[in-house]
Every structure is written in C-alpha cells, then in structure tokens.
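Chemist: To start, I am sharing the structure in question, which I have written as structure tokens.
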Amino acid sequence: MNFPFFIARRYLFSKKSTHAINVISAISVIGVAVATMALVVTLSVFNGFHDLVATFFTSFDPQLKVTPAEGKTVAADDPVLTEIRQLPQIEVATECVEDQALAVYHGRQAMVVVKGVDDNFEQLTHIDEILIGDGEFCLHAADMHYGILGIRLAEQLATGYAYKEPMKIYAPRREGQFDITNPEDAFEEDELYSPSVLFNVKQAKYDQNYILTSIGFARRIFDQQGMLSSLELRLKPGSNFEAVKKEISRLCGTKFVVKDRFEQQDDTFKIMKIEKFIAYIFLTFILMVACFNIIGSLSMLIIDKKDDVVTLRNLGASDKQIVRIFLFEGRMISAIGAVIGIVVGLLLCWAQQEFGLVALGSSSGSFIINAYPVSVHPEDIILIFITVLLVGFLSVWYPVRYFAKRLLQV
C-alpha cells in the first residue's frame, strides 16, 4: 500500500486533538461539494436551454442545407446539385428561393423574408407540427399562390389566422429601366392568399420575419427563374449522417457550403456556448475560493501532527513522503467534495426534470415551458470532476509544501 496515502487516510478520518480541525475539514468538504453541485446544475440548465432551442429549429430547418459559397443564387440544374440529388442516401431534396421583400396588408407593412419552397417541403421538415389555424399546409392551387406567415408577423400586420383579402408583396426590380418619377415602377408586385394557417416556431427570427410560399411565386417576384438560393435535404432513415455530410462537402468543393441544423443557426448556438463557458469560469473561481478552506484545514493539521512528523522521520520516512501525506490529505478532501457535489447535483437535476421544482414564472403559460429545462451531459460531469480535482490540487500544492518544510526545519 502507498505509505503516504495510508497515513493521509488515517489523518482524514481519525479524531484530532483539536476538535476545530475536524469541523474545518468538514466545512472544506461541504464547500467543495456546494461549488461542485452548482457547476453540475448550472451547466445542465444551459444544456437544457440548448436542447430546447434545437428542438424549435428542427421543425423548420432541414437536416442539411447546401448554399452557394459566393452570391445569393445558383442555377438549379448545376451539375454538382444534380449529383447531390442522386445520392442514394437522399430521401427528400427541396429547392428554395429566399430573399427580402415588403409585405403590405390593410395599410400595415413590414419587411419580410419570402421563402419559396417546393411542394415537398412538408416531407422535408416537421412543418405540420408547428401550424396553427383551421387550414392545412398548401402553397398554391392553379394560379393562386398562398403565403403562410409566422405568428408574430401576422400580429404585426393584423391579419389573424386567415387574411380575407390578398396580401401585397413588393420586391425591387433587378433588371431593366424604370421611371424615377414613379417609385412603384421600381418594384415587382404580386399577391399572396391565405391558406388559413400560420406557423409558430417559437423563435423570433422566423415567427417575426418569414413568409412561406411556393417557389414559383418567389422566382417570379425576385426574377430568379431557373435559379435557387439553397438546396435543402433530408436523409433516408438509418443513413450515416456524418458520412453523408462529408461526401456532400467533397462533391461541393469550394463552390457550395454545406451546413447541418446547428451550423444553420451558428450565431445562436455560439452565444449559448459562450454563456455556458463564462458560467463555468465564474463557478470555477468560486470553487477556488472554497478550496481556501482546505488550506486552513491542512495548515492546522500540520501543526497538530508535528509530533507525529518527528516519529515518522525517526521511523525512516523521508521529507518527500511526509509532504506527500498532507498533499494526499488535500486531494482526498477535494475528491470527496467532488463526489458528494456531483451526486447531489445529479439528484437535483433529476428532481427538476421530474417535478419542475424551479419555475420560470409565476403565471402559467407565460413561457414556452413552465420550469427550467435540465439536460445532463456525461462529458460535462467528467469535466467538472477533473476541474475540481485539478483546482483542489493546485490550491493546496504550494501552501502544503511551504508549511510542511517549515515544520521539517524545526
């Protein structure tokens, strides 16, 4: 058995001559445990919000999105895109044309993003799960083109679930000459009709700005005949997602950019990762403060055991072994605090998931969910455990060596 570890374990659990040392050691363990628990719970809450936001985007965003590396649009019959469509793992491929326009309804107006999609958009995404109203998903019928608005945009334009009159859509003309004395001549104008449904992604980016319509309407008003701004893909069940993405990226080369759902919302998830990292840093500093209790406990233990140190030296223990005894003592306090904190933190996370102990607000229905979401990721637990051990070791390394050497010189 490791001699310094054996002695350190005896010192940790044995009764000291001064009762205050036992109390301070217990406080040290509790301090580390509380800081560790805070790390587990806080990072799990950030994970919960991350996963919650990801589910919202899933209903609207495709699994993979191929866009031009330069410019807004590219020819729909581009050989690379044709080759991608023919991959055996592709189940649904939808052409999209997306650009900004002006929507006007009953004197109200708003800058919007008109997204024209193929009829198979319903099979590409989970759009049916976020539709609200009496109608159904429909983009066109004969010469009529329908526009499905985001719920916040419908509020802004006061359309309700079904706008009874056509909505005017204006887009700047891209080519040709126009009369500068007549500003309306500089815009293409067209009309959209209501399918009596709205979509509710629960994200302002979509709900407040987007109108879904047919790709034929978007191509006509944006003068993009035979073009597309993105090719959106859904893979067959059981396909190796990463392998397919890698193959599509290889086919695209530098001409196109391939993005998965998280990369399509890169700005949102980057902010969430930064917030989580900052929370981790702040809580690690709190953990460092908690570890100062360990220093106090060890310094008093070193003084209390000075007679034992003399005995150990007479029995042949080296100075290095004696220093390691107290280093092991500090490490064990950190390790016990880490284990207790992780266990308590996981129990709190489980209770929050099952019972929603901490609510987001006092009014029911004011938020998307009633309680703080929690998601425990194993890699976070491993990171927290390593962090606690590392911080605990570093915080006691110099003080223990300093006090032990002073004692050994006496």
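Chains: A, B, ... in order of the structure tokens. Residues: from 1 per chain. Ligands: from 1, in order shown.
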Hey, what's within 7 Å of Ser28 of chain A if we count only C-alpha atoms and toss same-chain stuff fewer than 4 positions away? As a PyMOL selection string, please?

Modeler: chain A and resi 24+32+291+293-294

Chemist: Store the residues picked out above, limited to N, CA, C and O atoms, as a PDB file, in the first residue's frame.

Modeler:
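The resulting file, again32.pdb, is reproduced below:
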```pdb
ATOM      1  N   ILE A  24     -13.384  22.174  10.618  1.00  0.00           N
ATOM      2  CA  ILE A  24     -12.900  22.880   9.436  1.00  0.00           C
ATOM      3  C   ILE A  24     -12.768  21.924   8.248  1.00  0.00           C
ATOM      4  O   ILE A  24     -13.069  22.277   7.104  1.00  0.00           O
ATOM      5  N   VAL A  32     -16.472  22.500  -1.062  1.00  0.00           N
ATOM      6  CA  VAL A  32     -16.162  21.936  -2.378  1.00  0.00           C
ATOM      7  C   VAL A  32     -17.404  21.276  -2.982  1.00  0.00           C
ATOM      8  O   VAL A  32     -17.682  21.405  -4.180  1.00  0.00           O
ATOM      9  N   CYS A 291     -11.829  26.243  -1.952  1.00  0.00           N
ATOM     10  CA  CYS A 291     -10.638  25.435  -1.661  1.00  0.00           C
ATOM     11  C   CYS A 291      -9.709  26.096  -0.645  1.00  0.00           C
ATOM     12  O   CYS A 291      -8.823  25.432  -0.089  1.00  0.00           O
ATOM     13  N   ASN A 293     -10.579  26.907   2.200  1.00  0.00           N
ATOM     14  CA  ASN A 293     -10.885  26.220   3.462  1.00  0.00           C
ATOM     15  C   ASN A 293      -9.995  24.999   3.640  1.00  0.00           C
ATOM     16  O   ASN A 293      -9.629  24.643   4.768  1.00  0.00           O
ATOM     17  N   ILE A 294      -9.675  24.345   2.512  1.00  0.00           N
ATOM     18  CA  ILE A 294      -8.796  23.172   2.594  1.00  0.00           C
ATOM     19  C   ILE A 294      -7.418  23.589   3.083  1.00  0.00           C
ATOM     20  O   ILE A 294      -6.786  22.889   3.893  1.00  0.00           O
TER      21      ILE A 294
END
```

Chemist: Quick one: residues within 8 Å of segment 229-239 of chain A, only C-alpha atoms counted, chain neighbours fewer than 6 positions away excluded, as a list in words?

Modeler: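 Counting only the stated atoms, we get Pro62, Gln63, Leu64, Lys65, Val66, Thr67, Pro68, Lys72, Thr73, Val74, Leu81, Gln89, Ile90, Glu91, Val92, Ala93, Thr94, Glu95, Cys96, Val97, Glu98, Leu124 and Thr125 of chain A.
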
Chemist: Nearest to Ile248 of chain A: which of A:Asp260, A:Asp118, A:Asp143, A:Glu70 is it, counting only C-alpha atoms?

Modeler: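 Smallest separation from Ile248 of chain A among the options: A:Asp260.
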
Chemist: Which residue out of A:Leu315, A:Cys138, A:Ile274, A:Val113 has the minimum interatomic distance to Tyr210 of chain A when only C-alpha atoms are used?

Modeler: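 The closest residue to Tyr210 of chain A is A:Val113.
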
Chemist: How many Å separate atom CA of Glu242 of chain A from atom CA of Phe60 of chain A?

Modeler: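 Atom CA of Phe60 of chain A lies at a distance of 20.5 Å from atom CA of Glu242 of chain A.
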